[in-house]
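start00.cif (mmCIF, C-alpha atoms)
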```cif
data_work
#
loop_
_atom_site.label_atom_id
_atom_site.label_comp_id
_atom_site.auth_asym_id
_atom_site.auth_seq_id
_atom_site.Cartn_x
_atom_site.Cartn_y
_atom_site.Cartn_z
CA MET A 59 0.00 0.00 0.00
CA GLY A 60 1.13 3.62 -0.59
CA ALA A 61 2.56 5.69 2.22
CA ASP A 62 -0.49 7.99 2.14
CA THR A 63 -2.96 5.16 2.67
CA PRO A 64 -4.48 5.42 6.16
CA GLU A 65 -4.54 2.48 8.57
CA GLY A 66 -7.14 -0.10 7.59
CA GLY A 67 -6.24 -0.03 3.89
CA PHE A 68 -8.70 2.69 2.80
CA PRO A 69 -7.35 5.60 0.70
CA GLY A 70 -8.00 9.04 2.08
CA LYS A 71 -9.35 12.01 0.21
CA GLY A 72 -7.04 13.11 -2.56
CA VAL A 73 -4.88 10.00 -2.24
CA THR A 74 -3.82 8.21 -5.43
CA GLU A 75 -4.60 4.53 -4.89
CA THR A 76 -2.43 1.70 -6.16
CA PRO A 77 -4.02 -1.22 -8.06
CA PHE A 78 -4.45 -3.17 -4.81
CA ASP A 79 -5.80 -0.41 -2.59
CA LEU A 80 -9.44 -0.81 -1.61
CA GLY A 81 -11.05 2.30 -2.97
CA ASP A 82 -14.60 3.52 -2.38
CA GLY A 83 -15.86 1.73 -5.50
CA PHE A 84 -14.56 -1.63 -4.39
CA ARG A 85 -15.84 -1.13 -0.84
CA ARG A 86 -19.32 -0.32 -2.11
CA PHE A 87 -19.25 -3.46 -4.22
CA ALA A 88 -17.83 -5.67 -1.45
CA ASP A 89 -20.30 -4.38 1.13
CA HIS A 90 -23.27 -5.38 -1.03
CA VAL A 91 -22.25 -8.89 -2.09
CA PRO A 92 -23.82 -11.68 0.02
CA LEU A 93 -20.40 -13.11 0.78
CA MET A 94 -17.97 -12.56 3.64
CA MET A 95 -14.83 -10.85 2.28
CA TRP A 96 -11.51 -9.83 3.84
CA ARG A 97 -8.07 -8.52 3.00
CA THR A 98 -4.67 -8.58 4.71
CA ASP A 99 -1.46 -6.63 4.35
CA ASP A 100 1.85 -8.23 3.37
CA SER A 101 2.47 -9.32 6.97
CA GLY A 102 -0.80 -11.22 7.19
CA ARG A 103 -2.66 -8.76 9.41
CA SER A 104 -6.27 -8.06 8.49
CA THR A 105 -6.93 -4.62 6.98
CA TYR A 106 -10.53 -5.01 5.79
CA HIS A 107 -13.72 -7.01 6.39
CA ASN A 108 -16.84 -6.27 4.38
CA GLU A 109 -20.33 -5.58 5.71
CA CYS A 110 -21.44 -9.20 5.36
CA TRP A 111 -18.58 -10.30 7.63
CA LEU A 112 -19.39 -7.62 10.21
CA GLN A 113 -23.07 -8.59 10.22
CA PHE A 114 -22.07 -12.21 10.79
CA THR A 115 -19.78 -11.51 13.74
CA GLY A 116 -21.79 -8.59 15.14
CA ARG A 117 -18.55 -6.70 15.78
CA PRO A 118 -17.35 -3.33 14.42
CA LEU A 119 -14.55 -3.19 11.88
CA ALA A 120 -12.17 -1.72 14.46
CA ASP A 121 -12.44 -4.92 16.50
CA GLU A 122 -11.80 -7.19 13.49
CA ILE A 123 -8.78 -5.63 11.79
CA GLY A 124 -5.26 -6.64 12.70
CA ASP A 125 -5.51 -9.95 14.58
CA GLY A 126 -8.75 -8.98 16.30
CA TRP A 127 -10.94 -11.22 14.14
CA ARG A 128 -9.06 -14.27 15.47
CA ASN A 129 -10.82 -13.79 18.80
CA GLY A 130 -13.86 -15.34 17.16
CA LEU A 131 -12.05 -18.48 16.00
CA HIS A 132 -13.01 -21.74 17.67
CA PRO A 133 -10.20 -22.73 20.09
CA ASP A 134 -9.89 -26.17 18.48
CA ASP A 135 -9.33 -24.63 15.03
CA PHE A 136 -6.94 -21.83 15.98
CA THR A 137 -3.62 -23.67 15.61
CA ARG A 138 -4.57 -25.60 12.46
CA HIS A 139 -5.82 -22.44 10.74
CA ALA A 140 -2.68 -20.51 11.67
CA GLU A 141 -0.39 -23.24 10.31
CA ILE A 142 -2.20 -23.49 6.96
CA VAL A 143 -2.25 -19.73 6.46
CA ALA A 144 1.41 -19.37 7.50
CA ARG A 145 2.50 -21.96 4.92
CA ALA A 146 0.48 -20.17 2.22
CA PHE A 147 2.01 -16.79 3.10
CA GLU A 148 5.52 -18.24 3.06
CA SER A 149 5.06 -19.66 -0.44
CA ARG A 150 2.75 -16.89 -1.71
CA LEU A 151 0.21 -19.47 -2.90
CA PRO A 152 -3.62 -19.57 -2.76
CA PHE A 153 -5.09 -21.48 0.17
CA THR A 154 -8.38 -22.95 1.32
CA VAL A 155 -9.16 -23.81 4.91
CA GLU A 156 -12.26 -24.75 6.90
CA PHE A 157 -12.73 -23.37 10.40
CA ARG A 158 -15.40 -22.41 12.90
CA LEU A 159 -16.11 -18.76 13.64
CA ARG A 160 -18.34 -17.38 16.40
CA ARG A 161 -21.47 -15.75 15.06
CA HIS A 162 -23.15 -12.71 16.61
CA ASP A 163 -25.50 -14.98 18.59
CA GLY A 164 -22.61 -16.93 20.11
CA ALA A 165 -23.02 -20.02 17.91
CA TYR A 166 -19.97 -21.34 16.09
CA ARG A 167 -20.50 -21.82 12.35
CA TRP A 168 -18.28 -23.68 9.89
CA LEU A 169 -16.81 -21.44 7.18
CA LEU A 170 -14.94 -22.31 3.99
CA ASN A 171 -12.21 -19.70 3.68
CA THR A 172 -10.39 -19.11 0.38
CA GLY A 173 -7.53 -16.64 -0.03
CA ARG A 174 -5.48 -15.54 -3.04
CA PRO A 175 -2.24 -13.55 -3.03
CA LEU A 176 -2.20 -10.01 -4.43
CA GLU A 177 0.95 -9.28 -6.43
CA GLU A 178 2.03 -6.58 -8.89
CA ASN A 179 5.31 -6.58 -10.77
CA GLY A 180 6.65 -9.23 -8.41
CA VAL A 181 5.73 -7.22 -5.29
CA PHE A 182 3.55 -9.02 -2.72
CA HIS A 183 0.74 -6.88 -1.27
CA GLY A 184 -1.07 -9.40 0.93
CA TYR A 185 -4.10 -11.60 0.44
CA LEU A 186 -7.70 -11.06 -0.62
CA GLY A 187 -10.23 -13.71 0.38
CA SER A 188 -13.80 -14.76 0.99
CA CYS A 189 -15.74 -17.08 3.27
CA PHE A 190 -19.10 -18.75 3.07
CA ASP A 191 -21.06 -20.75 5.60
CA ILE A 192 -20.82 -24.56 5.14
CA THR A 193 -22.34 -25.57 8.47
CA ASP A 194 -25.27 -27.40 6.87
CA ARG A 195 -22.88 -29.41 4.70
CA LYS A 196 -20.69 -30.29 7.69
CA ASN A 197 -23.74 -31.38 9.68
CA ALA A 198 -24.88 -33.56 6.78
CA GLU A 199 -21.42 -35.16 6.58
CA GLU A 200 -21.45 -35.84 10.31
CA HIS A 201 -24.91 -37.39 10.05
CA ALA A 202 -23.73 -39.56 7.15
CA GLU A 203 -20.73 -40.73 9.19
CA HIS A 204 -22.98 -41.70 12.11
CA ALA A 205 -25.33 -43.50 9.73
CA LEU A 206 -22.38 -45.40 8.23
CA VAL A 207 -21.19 -46.49 11.68
CA GLU A 208 -24.70 -47.70 12.53
CA LYS A 209 -24.93 -49.53 9.20
CA GLU A 210 -21.60 -51.28 9.72
CA THR A 211 -22.61 -52.25 13.25
CA LEU A 212 -25.84 -53.76 11.91
CA LEU A 213 -24.01 -55.62 9.15
CA ALA A 214 -21.50 -57.00 11.65
CA GLU A 215 -24.37 -58.33 13.78
CA ILE A 216 -25.99 -59.89 10.70
CA TYR A 217 -22.68 -61.52 9.79
CA HIS A 218 -22.30 -63.13 13.22
CA ARG A 219 -25.82 -64.52 13.10
CA VAL A 220 -25.41 -65.82 9.55
CA ARG A 221 -22.07 -67.42 10.42
CA ASN A 222 -23.52 -69.24 13.43
CA ASN A 223 -26.48 -70.49 11.42
CA LEU A 224 -24.24 -71.69 8.59
CA GLN A 225 -22.06 -73.60 11.04
CA VAL A 226 -25.15 -75.42 12.28
CA MET A 227 -26.18 -76.16 8.68
CA VAL A 228 -22.76 -77.61 7.83
CA SER A 229 -22.91 -79.88 10.88
CA LEU A 230 -26.41 -81.11 10.00
CA ILE A 231 -25.46 -81.76 6.38
CA GLY A 232 -22.43 -83.74 7.53
CA LEU A 233 -24.53 -85.86 9.90
CA TYR A 234 -27.17 -86.63 7.28
CA GLY A 235 -24.50 -87.29 4.66
CA ARG A 236 -22.75 -89.90 6.78
CA ALA A 237 -26.07 -91.61 7.47
CA ALA A 238 -27.24 -91.52 3.85
CA PRO A 239 -26.84 -94.38 1.34
CA GLU A 240 -23.50 -94.46 -0.49
CA ALA A 241 -25.08 -93.25 -3.76
CA CYS A 242 -26.32 -90.05 -2.08
CA ARG A 243 -23.19 -89.07 -0.19
CA GLY A 244 -21.67 -87.18 -3.13
CA SER A 245 -24.64 -84.83 -3.23
CA PHE A 246 -24.43 -84.21 0.52
CA ASP A 247 -20.71 -83.51 0.20
CA ALA A 248 -21.30 -81.04 -2.66
CA LEU A 249 -24.01 -79.30 -0.62
CA GLY A 250 -21.73 -79.06 2.40
CA GLN A 251 -18.96 -77.53 0.29
CA ARG A 252 -21.33 -74.89 -1.05
CA VAL A 253 -22.54 -73.95 2.42
CA ARG A 254 -18.90 -73.60 3.52
CA ALA A 255 -18.35 -71.33 0.53
CA ILE A 256 -21.32 -69.19 1.62
CA ALA A 257 -19.75 -68.89 5.07
CA LEU A 258 -16.43 -67.89 3.51
CA VAL A 259 -18.10 -65.21 1.40
CA GLN A 260 -19.75 -63.77 4.52
CA GLN A 261 -16.44 -63.85 6.38
CA HIS A 262 -14.61 -61.85 3.73
CA LEU A 263 -17.50 -59.39 3.44
CA HIS A 264 -17.22 -58.76 7.16
CA GLU A 265 -13.43 -58.41 7.00
CA ALA A 266 -13.61 -55.64 4.39
CA PRO A 267 -12.16 -52.36 5.77
CA HIS A 268 -15.48 -50.61 5.04
CA ILE A 269 -18.26 -53.15 4.99
CA ALA A 270 -20.86 -50.71 3.65
CA SER A 271 -18.71 -49.87 0.61
CA ILE A 272 -16.43 -52.72 -0.47
CA ASP A 273 -13.33 -52.55 -2.67
CA LEU A 274 -14.24 -55.21 -5.22
CA ARG A 275 -10.69 -56.01 -6.30
CA ASP A 276 -9.37 -56.45 -2.76
CA TYR A 277 -12.44 -58.45 -1.73
CA LEU A 278 -12.26 -60.91 -4.64
CA ARG A 279 -8.52 -61.36 -4.18
CA ARG A 280 -8.98 -62.28 -0.50
CA LEU A 281 -11.96 -64.49 -1.26
CA ALA A 282 -10.16 -66.33 -4.07
CA SER A 283 -7.28 -67.15 -1.73
CA GLY A 284 -9.71 -68.52 0.85
CA LEU A 285 -11.61 -70.59 -1.71
CA GLY A 286 -8.33 -72.08 -2.90
CA GLN A 287 -7.69 -73.47 0.58
CA LEU A 288 -11.25 -74.48 1.36
CA ARG A 289 -11.24 -77.63 -0.72
CA ARG A 290 -8.35 -79.70 -1.98
CA ALA A 291 -5.74 -77.03 -1.28
CA GLY A 292 -3.36 -76.30 -4.13
CA ARG A 293 -5.71 -77.42 -6.89
CA ILE A 294 -7.16 -74.06 -7.71
CA SER A 295 -5.52 -70.87 -9.03
CA VAL A 296 -7.57 -67.67 -9.23
CA VAL A 297 -6.04 -64.60 -10.88
CA ILE A 298 -7.54 -61.09 -10.65
CA GLU A 299 -6.75 -58.85 -13.65
CA GLY A 300 -7.82 -55.48 -15.00
CA GLU A 301 -7.35 -51.90 -13.90
CA GLY A 302 -9.30 -49.46 -11.78
CA THR A 303 -10.82 -49.72 -8.33
CA SER A 304 -14.53 -50.26 -7.86
CA LEU A 305 -16.49 -49.80 -4.65
CA VAL A 306 -19.66 -51.90 -4.48
CA GLU A 307 -22.43 -52.28 -1.95
CA PRO A 308 -22.68 -55.45 0.18
CA ARG A 309 -25.46 -57.16 -1.78
CA THR A 310 -23.45 -56.84 -5.02
CA ALA A 311 -20.27 -58.11 -3.37
CA ASN A 312 -22.22 -60.99 -1.80
CA ALA A 313 -23.66 -62.07 -5.17
CA LEU A 314 -20.29 -61.82 -6.93
CA GLY A 315 -18.62 -63.79 -4.17
CA MET A 316 -21.16 -66.58 -4.50
CA ILE A 317 -20.78 -66.61 -8.29
CA VAL A 318 -17.00 -66.96 -7.99
CA ALA A 319 -17.43 -69.68 -5.35
CA GLU A 320 -19.78 -71.57 -7.66
CA ILE A 321 -17.35 -71.36 -10.58
CA VAL A 322 -14.60 -72.72 -8.33
CA ALA A 323 -16.84 -75.57 -7.17
CA GLU A 324 -17.84 -76.45 -10.74
CA CYS A 325 -14.23 -76.41 -11.87
CA LEU A 326 -13.12 -78.73 -9.06
CA ASP A 327 -16.09 -81.06 -9.54
CA ALA A 328 -15.33 -81.41 -13.25
CA THR A 329 -11.66 -82.32 -12.97
CA ASN A 330 -9.54 -85.13 -11.60
CA ASP A 331 -7.66 -84.63 -8.35
CA SER A 332 -4.36 -84.37 -10.25
CA VAL A 333 -5.52 -81.42 -12.37
CA THR A 334 -4.99 -77.79 -11.39
CA CYS A 335 -7.96 -75.53 -12.14
CA GLY A 336 -7.25 -72.02 -13.39
CA ILE A 337 -9.75 -69.17 -13.15
CA VAL A 338 -9.12 -65.65 -14.46
CA ILE A 339 -11.31 -62.76 -13.32
CA ARG A 340 -10.93 -59.47 -15.17
CA ILE A 341 -12.48 -56.35 -13.66
CA ASP A 342 -13.33 -53.46 -15.98
CA ALA A 343 -13.81 -50.45 -13.71
CA GLY A 344 -13.73 -47.48 -16.04
CA ILE A 345 -14.41 -44.03 -14.58
CA GLY A 346 -18.08 -43.06 -14.84
CA ALA A 347 -19.15 -46.39 -16.36
CA PRO A 348 -20.87 -49.42 -14.78
CA VAL A 349 -18.40 -52.05 -13.59
CA GLY A 350 -18.07 -55.22 -15.65
CA LEU A 351 -16.39 -58.56 -14.94
CA SER A 352 -15.19 -61.26 -17.30
CA ILE A 353 -14.55 -64.74 -15.84
CA VAL A 354 -12.86 -67.64 -17.62
CA SER A 355 -12.50 -71.08 -16.03
CA SER A 356 -10.08 -73.63 -17.47
CA SER A 357 -10.46 -77.18 -16.10
CA GLY A 358 -7.42 -78.52 -17.95
CA GLU A 359 -7.04 -81.38 -20.40
CA ALA A 360 -7.79 -84.19 -17.95
CA ALA A 361 -11.40 -83.20 -17.30
CA ALA A 362 -13.62 -85.84 -15.82
CA ALA A 363 -17.33 -86.25 -16.35
CA GLY A 364 -18.02 -85.09 -12.81
CA ARG A 365 -18.94 -87.08 -9.75
CA GLU A 366 -21.67 -89.55 -10.33
CA GLY A 367 -25.00 -88.60 -8.82
CA VAL A 368 -24.07 -84.95 -8.23
CA PRO A 369 -26.33 -82.59 -10.20
CA LYS A 370 -24.70 -79.76 -12.19
CA LEU A 371 -26.30 -76.71 -10.58
CA GLY A 372 -23.69 -74.08 -11.50
CA PRO A 373 -25.50 -72.23 -14.31
CA ARG A 374 -28.78 -72.20 -12.43
CA LEU A 375 -27.19 -70.91 -9.19
CA ILE A 376 -25.10 -68.30 -11.00
CA ALA A 377 -28.25 -66.97 -12.68
CA ALA A 378 -30.02 -66.86 -9.30
CA TYR A 379 -27.16 -64.99 -7.59
CA ALA A 380 -26.93 -62.50 -10.47
CA ALA A 381 -30.69 -61.85 -10.46
CA GLN A 382 -30.57 -61.23 -6.71
CA ALA A 383 -28.23 -58.26 -7.19
CA GLU A 384 -29.62 -57.13 -10.59
CA ILE A 385 -26.41 -58.19 -12.35
CA ALA A 386 -26.71 -58.82 -16.09
CA VAL A 387 -25.09 -62.17 -16.89
CA SER A 388 -24.18 -64.05 -20.07
CA GLY A 389 -21.68 -66.69 -21.14
CA THR A 390 -20.46 -70.02 -19.77
CA ALA A 391 -17.05 -69.08 -18.25
CA THR A 392 -15.06 -70.84 -21.00
CA GLU A 393 -12.28 -69.30 -23.06
CA ALA A 394 -14.54 -69.27 -26.12
CA ASP A 395 -17.52 -67.90 -24.16
CA PRO A 396 -16.42 -65.98 -21.02
CA LEU A 397 -18.92 -65.36 -18.24
CA LEU A 398 -19.74 -61.65 -18.53
CA LEU A 399 -21.20 -59.81 -15.55
CA GLN A 400 -22.44 -56.22 -15.81
CA LEU A 401 -22.98 -54.62 -12.41
CA PRO A 402 -25.84 -52.16 -11.80
CA GLU A 403 -25.13 -48.59 -10.86
CA ALA A 404 -24.76 -48.13 -7.10
CA ARG A 405 -28.04 -47.33 -5.35
CA GLY A 406 -29.40 -47.46 -1.82
CA TYR A 407 -28.23 -50.26 0.41
CA VAL A 408 -30.20 -53.51 0.49
CA PRO A 409 -29.20 -56.12 3.14
CA PRO A 410 -27.68 -59.29 1.64
CA SER A 411 -29.72 -62.50 1.65
CA LEU A 412 -29.50 -65.96 0.22
CA PRO A 413 -30.92 -66.51 -3.27
CA PRO A 414 -34.18 -68.43 -3.71
CA ALA A 415 -32.28 -71.52 -4.87
CA LEU A 416 -30.71 -71.89 -1.40
CA ARG A 417 -33.60 -70.83 0.83
#
```
Starting from the file, give its structure as structure tokens.
Amino acid sequence: MGADTPEGGFPGKGVTETPFDLGDGFRRFADHVPLMMWRTDDSGRSTYHNECWLQFTGRPLADEIGDGWRNGLHPDDFTRHAEIVARAFESRLPFTVEFRLRRHDGAYRWLLNTGRPLEENGVFHGYLGSCFDITDRKNAEEHAEHALVEKETLLAEIYHRVRNNLQVMVSLIGLYGRAAPEACRGSFDALGQRVRAIALVQQHLHEAPHIASIDLRDYLRRLASGLGQLRRAGRISVVIEGEGTSLVEPRTANALGMIVAEIVAECLDATNDSVTCGIVIRIDAGIGAPVGLSIVSSSGEAAAAGREGVPKLGPRLIAAYAAQAEIAVSGTATEADPLLLQLPEARGYVPPSLPPALR
């Protein structure tokens, strides 16, 4: 500012203002915009607050200039705000910071504060900035966080109940299978393996870092490793390919997990014990587009006809799981005809449940 500019940054009568002085024209403009505005000198001390700011704080300009306005800062935000602004001043860069400021009625309101440096011919003149009230947005975010915690707590409780029930089912299937005629035991064994797979899917859903919004790639990678050890360890190899990260809701992850588990079961059932099954899952998670998966299962050259007396339920169960989560499905999971899964766009949460085929 020029030497003739009076304290506060306002040119006096007859004073020639520099490009960054706040003349009467700018003050009239700033005092009528519905936005809190401020300016500092090159040392960071406040030299101006517009009428909207003064109406918000209920304090006169004389109390706000200099460092006076900081008296209204929330104590918990004081240090953080000072550090962010100090770094910006040191580097002469724009900055944005959120903080709480005391309103005229004593209530603290969240403000989004944006400042930009004022420079001319390489000379730094301070910062000019604005604030607007974001309290409603912050309250909505806090409410959403609480809702997410409640949702994850509910899902964790559902998982524990489902896990306990599935353990009982596996025990009952095992008891009936051992007591059944020899010709029926293969079917009981296949049923028991599928129920164990359901339990494994639920386990990995629950172990996701954020159960209400699941990273599909991480989830399928963990699940595939578990499925590989669930039955005849070392006979199954599941590879996850593709680029991009996709977050899906629990019901979609549950359905995809069951589809992958069914493909693994079908592959193992169709091959001899000496054959390694290979399954490749490719995730297409392009930005702004629905997520798609392509699955190819290779049972090897020594494929067997399958265990006698065990029905081939894979296609029917895969269709049921896909329909449950509104996933479009086509193909047979072979190299010539990959299983293609098109996920729906994310919507409101729907609790996971078993498909009709397993109820």
As a check of understanding, name the residues that the PyMOL selection byres ((chain A and resi 217) around 10) selects in the supplied structure, as a short mmCIF file (atom, residue, chain, number, x, y, z; two decimals) with C-alpha atoms, keeping the file's coordinate frame.
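As a result, expr09.cif now contains:
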```cif
data_model
loop_
_atom_site.label_atom_id
_atom_site.label_comp_id
_atom_site.auth_asym_id
_atom_site.auth_seq_id
_atom_site.Cartn_x
_atom_site.Cartn_y
_atom_site.Cartn_z
CA THR A 211 -22.61 -52.25 13.25
CA LEU A 212 -25.84 -53.76 11.91
CA LEU A 213 -24.01 -55.62 9.15
CA ALA A 214 -21.50 -57.00 11.65
CA GLU A 215 -24.37 -58.33 13.78
CA ILE A 216 -25.99 -59.89 10.70
CA HIS A 218 -22.30 -63.13 13.22
CA ARG A 219 -25.82 -64.52 13.10
CA VAL A 220 -25.41 -65.82 9.55
CA ARG A 221 -22.07 -67.42 10.42
CA ASN A 222 -23.52 -69.24 13.43
CA ASN A 223 -26.48 -70.49 11.42
CA ALA A 257 -19.75 -68.89 5.07
CA GLN A 260 -19.75 -63.77 4.52
CA GLN A 261 -16.44 -63.85 6.38
CA LEU A 263 -17.50 -59.39 3.44
CA HIS A 264 -17.22 -58.76 7.16
CA PRO A 410 -27.68 -59.29 1.64
#
```
With all atoms listed in the file as the counted atoms, please give the residues lying no more than 9 Å from Arg254 of chain A, apart from itself and same-chain residues fewer than 5 positions off, as an NGL selection string. :A and (224-225 or 228 or 249 or 259 or 288)
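Distance check against Glu307 of chain A using only C-alpha atoms: of A:Ala394, A:Lys209, A:Met227, A:Ser295, the minimum falls on A:Lys209.
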Selection result of the PyMOL selection byres ((chain A and resi 272-277) around 12) on this file, as a count of residues only: 52
Selected by the PyMOL selection byres ((chain A and resi 90-92) around 12) in the shown coordinates: which residues, as an NGL selection string? :A and (83-89 or 93-95 or 108-114 or 188-191)
Please report the interatomic distance between atom CA of Gly130 of chain A and atom CA of Phe182 of chain A in Å with one decimal.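 Atom CA of Phe182 of chain A lies at a distance of 27.2 Å from atom CA of Gly130 of chain A.
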Contacts of Gly232 of chain A within 12 Å, all atoms listed in the file, excl. fewer than 4 positions in-chain, as a list in words: Gln225, Val226, Met227, Val228, Arg236, Ala237, Ala238, Arg243, Gly244, Ser245, Phe246, Asp247, Ala248, Leu249, Gly250, Gln251, Val253 and Arg254 of chain A
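In this structure, atom CA of Ile321 of chain A sits 10.7 Å away from atom CA of Val338 of chain A.
Between atom CA of Trp168 of chain A and atom CA of Lys196 of chain A the interatomic distance comes to 7.4 Å.
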Residue among A:Tyr185, A:Phe153, A:Tyr379, A:Tyr166 lying closest to Pro133 of chain A, counting only C-alpha atoms: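 For Pro133 of chain A, the nearest of the given residues is A:Tyr166.
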Smallest atom-to-atom distance to Leu375 of chain A: which of A:His201, A:Arg252, A:Arg174, A:Arg293, using all atoms listed in the file? A:Arg252
Once you add 4 Å to each side, what are the centre and edge lengths of the axis-aligned box holding all listed atoms of segment 277-287 of chain A? One decimal in Å, as AutoDock Vina command-line options, if you can.
```
--center_x -9.9 --center_y -66.0 --center_z -1.9 --size_x 13.2 --size_y 23.0 --size_z 13.5
```
Which of A:Asp135, A:Asp125, A:Glu199, A:Glu177 sits closest to Leu151 of chain A [using only C-alpha atoms]: A:Glu177
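Closest approach to Gly187 of chain A from the set A:His107, A:Arg374, A:Arg97, A:Arg167 is made by A:Arg97, with distances taken over all atoms listed in the file.
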Save segment 122-135 of chain A to disk from that block, N, CA and C atoms included, as a PDB file, in the first residue's frame.
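Written file, result_7.pdb:
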```pdb
ATOM      1  N   GLU A 122     -12.140  -6.050  14.349  1.00  0.00           N
ATOM      2  CA  GLU A 122     -11.800  -7.188  13.495  1.00  0.00           C
ATOM      3  C   GLU A 122     -10.429  -7.054  12.835  1.00  0.00           C
ATOM      4  N   ILE A 123     -10.024  -5.793  12.531  1.00  0.00           N
ATOM      5  CA  ILE A 123      -8.777  -5.626  11.793  1.00  0.00           C
ATOM      6  C   ILE A 123      -7.589  -6.006  12.672  1.00  0.00           C
ATOM      7  N   GLY A 124      -6.430  -6.134  11.991  1.00  0.00           N
ATOM      8  CA  GLY A 124      -5.256  -6.638  12.697  1.00  0.00           C
ATOM      9  C   GLY A 124      -5.429  -8.134  12.942  1.00  0.00           C
ATOM     10  N   ASP A 125      -5.258  -8.558  14.189  1.00  0.00           N
ATOM     11  CA  ASP A 125      -5.513  -9.946  14.575  1.00  0.00           C
ATOM     12  C   ASP A 125      -6.793 -10.064  15.395  1.00  0.00           C
ATOM     13  N   GLY A 126      -7.561  -8.966  15.456  1.00  0.00           N
ATOM     14  CA  GLY A 126      -8.745  -8.984  16.304  1.00  0.00           C
ATOM     15  C   GLY A 126      -9.771 -10.023  15.899  1.00  0.00           C
ATOM     16  N   TRP A 127      -9.930 -10.273  14.611  1.00  0.00           N
ATOM     17  CA  TRP A 127     -10.938 -11.216  14.140  1.00  0.00           C
ATOM     18  C   TRP A 127     -10.675 -12.631  14.660  1.00  0.00           C
ATOM     19  N   ARG A 128      -9.397 -12.922  14.985  1.00  0.00           N
ATOM     20  CA  ARG A 128      -9.060 -14.266  15.474  1.00  0.00           C
ATOM     21  C   ARG A 128      -9.687 -14.575  16.835  1.00  0.00           C
ATOM     22  N   ASN A 129     -10.152 -13.548  17.518  1.00  0.00           N
ATOM     23  CA  ASN A 129     -10.819 -13.794  18.803  1.00  0.00           C
ATOM     24  C   ASN A 129     -12.104 -14.604  18.633  1.00  0.00           C
ATOM     25  N   GLY A 130     -12.642 -14.578  17.401  1.00  0.00           N
ATOM     26  CA  GLY A 130     -13.860 -15.341  17.156  1.00  0.00           C
ATOM     27  C   GLY A 130     -13.619 -16.765  16.694  1.00  0.00           C
ATOM     28  N   LEU A 131     -12.366 -17.130  16.441  1.00  0.00           N
ATOM     29  CA  LEU A 131     -12.049 -18.484  15.999  1.00  0.00           C
ATOM     30  C   LEU A 131     -12.326 -19.499  17.103  1.00  0.00           C
ATOM     31  N   HIS A 132     -12.817 -20.658  16.695  1.00  0.00           N
ATOM     32  CA  HIS A 132     -13.013 -21.738  17.668  1.00  0.00           C
ATOM     33  C   HIS A 132     -11.646 -22.165  18.205  1.00  0.00           C
ATOM     34  N   PRO A 133     -11.509 -22.354  19.513  1.00  0.00           N
ATOM     35  CA  PRO A 133     -10.201 -22.727  20.088  1.00  0.00           C
ATOM     36  C   PRO A 133      -9.589 -23.972  19.444  1.00  0.00           C
ATOM     37  N   ASP A 134     -10.413 -24.933  19.054  1.00  0.00           N
ATOM     38  CA  ASP A 134      -9.885 -26.170  18.477  1.00  0.00           C
ATOM     39  C   ASP A 134      -9.370 -25.988  17.052  1.00  0.00           C
ATOM     40  N   ASP A 135      -9.740 -24.866  16.412  1.00  0.00           N
ATOM     41  CA  ASP A 135      -9.333 -24.632  15.028  1.00  0.00           C
ATOM     42  C   ASP A 135      -8.213 -23.609  14.916  1.00  0.00           C
TER      43      ASP A 135
END
```
